[in-house]
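**Student:** What follows is a structure written as structure tokens; I'll ask about it next.
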Amino acid sequence: MSAPTRSYRSPRRERGAAQTRQDILAAARELFIAQGYAQVTMGHIARAAGVATKTLYASVGTKTELLHALLATDVADSRSTGLHEEVFRSEDLASAVACLAHGIRNNTERFASSIDLLYSSMASDAKAREVWDYVVTQYRQALREAAEHLVSIGAVAPHLDVNGAADRLWLCFGLSAWRSLVVDCGWSYDAAERLLSRQALNMLEDPVPA
């Protein structure tokens, strides 16, 4: 009776595959930002990354999946900054909102090019809407977790439940709030952070039910 065969894994090969994927993502990001998502083809990305088109598809999948991978990485990075831990340590509304505003501002500023990419790609590619939905879902979930904490410690107006607090946080700190002030109106991130913080405090302390 022959011994069962064992699959062979090569750490060196796996490291090489991981590096190839990172090279592809980096090349795609640069091209998407410089030329626009709709104008860039998979062939362009393959040439910029120095890989065969077949390797490109094997590593990252379709163009939409590649965009998803880029933005999913940003979402994961934004949630690994310790922001959640700081908010959950807050024992009053003012400190929690200040922490949220500053942390989200930093992430929004840090990932500004990716957010621009998301907006531009969604306008030109219907499939990119799936990526938008993913990012929004992750972002809103993070704000909902913050709202759960604020409600649990009694920091918000008594008539607000988790849904109400989460919706107000999204209105104040969602992607469109920062974009409206910084991109559309030309505000600095400092000024936007101050205004959105005051707005969030007022809305979460509001004693009158909407």
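Residues in the structure tokens are numbered from 1 in each chain, the chains being A, B, ... in the order shown, and ligands are numbered from 1 in the order shown.
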Please list as JSON, numbers by chain every residue within 8 Å of Leu93 (chain A), counting only C-alpha atoms and excluding residues in the same chain fewer than 2 positions away.
**Tutor:** {"A": [90, 91, 95, 96, 97, 150, 155, 156, 201]}
**Student:** In chain A, what's alpha helix (DSSP H) per DSSP? Answer as a PyMOL selection string?
**Tutor:** chain A and resi 11-35+42-49+53-60+63-78+83-89+93-110+112-124+128-152+162-173+175-179+189-205
**Student:** Which residues are close to Ala147 (chain A), i.e. within 12 Å by only C-alpha atoms, leaving aside same-chain residues fewer than 3 positions away? Reply as an MDAnalysis selection string.
**Tutor:** chainID A and resid 84 87:88 93 96:97 100 140:144 150:157 160:170 200 204
**Student:** Please identify all polymer residues within 9 Å of Thr64 (chain A), counting only C-alpha atoms, omitting same-chain residues fewer than 6 positions from it, and present them as a ChimeraX atom specification.
**Tutor:** /A:125,127-128,130-131
**Student:** What is the distance, in Å and to one decimal place, between CA of Thr55 (chain A) and CA of Met42 (chain A)?
**Tutor:**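 Value for the CA of Thr55 (chain A)-CA of Met42 (chain A) distance: 10.9 Å.
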**Student:** Of the candidates A:Glu109, A:Glu205, A:Asp184, A:Glu145, which shows the shortest atom-to-atom distance to Pro158 (chain A), using only C-alpha atoms?
**Tutor:** A:Glu205
**Student:** Determine the nearest neighbour of Ser124 (chain A) from the options A:Tyr139, A:Gly36, A:Ala112, A:Leu196, counting only C-alpha atoms.
**Tutor:**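 For Ser124 (chain A), the nearest of the candidates is A:Gly36.
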**Student:** Interatomic distance between CA of Met122 (chain A) and CA of His68 (chain A)?
**Tutor:**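 Atom-to-atom, CA of Met122 (chain A) to CA of His68 (chain A), that is 11.8 Å.
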**Student:** Give me, please, the distance in Å between CA of Thr62 (chain A) and CA of Phe111 (chain A), quoted to one decimal.
**Tutor:**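 A separation of 22.7 Å between them.
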**Student:** Given the choices A:Leu25, A:Ala72, A:Ala48, A:Ile115, which gets closest to Val183 (chain A) if the distance is worked out from only C-alpha atoms?
**Tutor:** A:Ile115
**Student:** Find, counting only C-alpha atoms, the residue in A:Asp133, A:His102, A:Tyr119, A:Ala49 that gets nearest to Ala192 (chain A).
**Tutor:**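 The answer is A:His102, which sits nearest to Ala192 (chain A).
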**Student:** Compare A:Cys172, A:Ala101, A:Ala69, A:Val135 by their minimum atom-to-atom distance to Tyr189 (chain A), counting only C-alpha atoms, and give me the closest one.
**Tutor:**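 Nearest to Tyr189 (chain A): A:Ala101.
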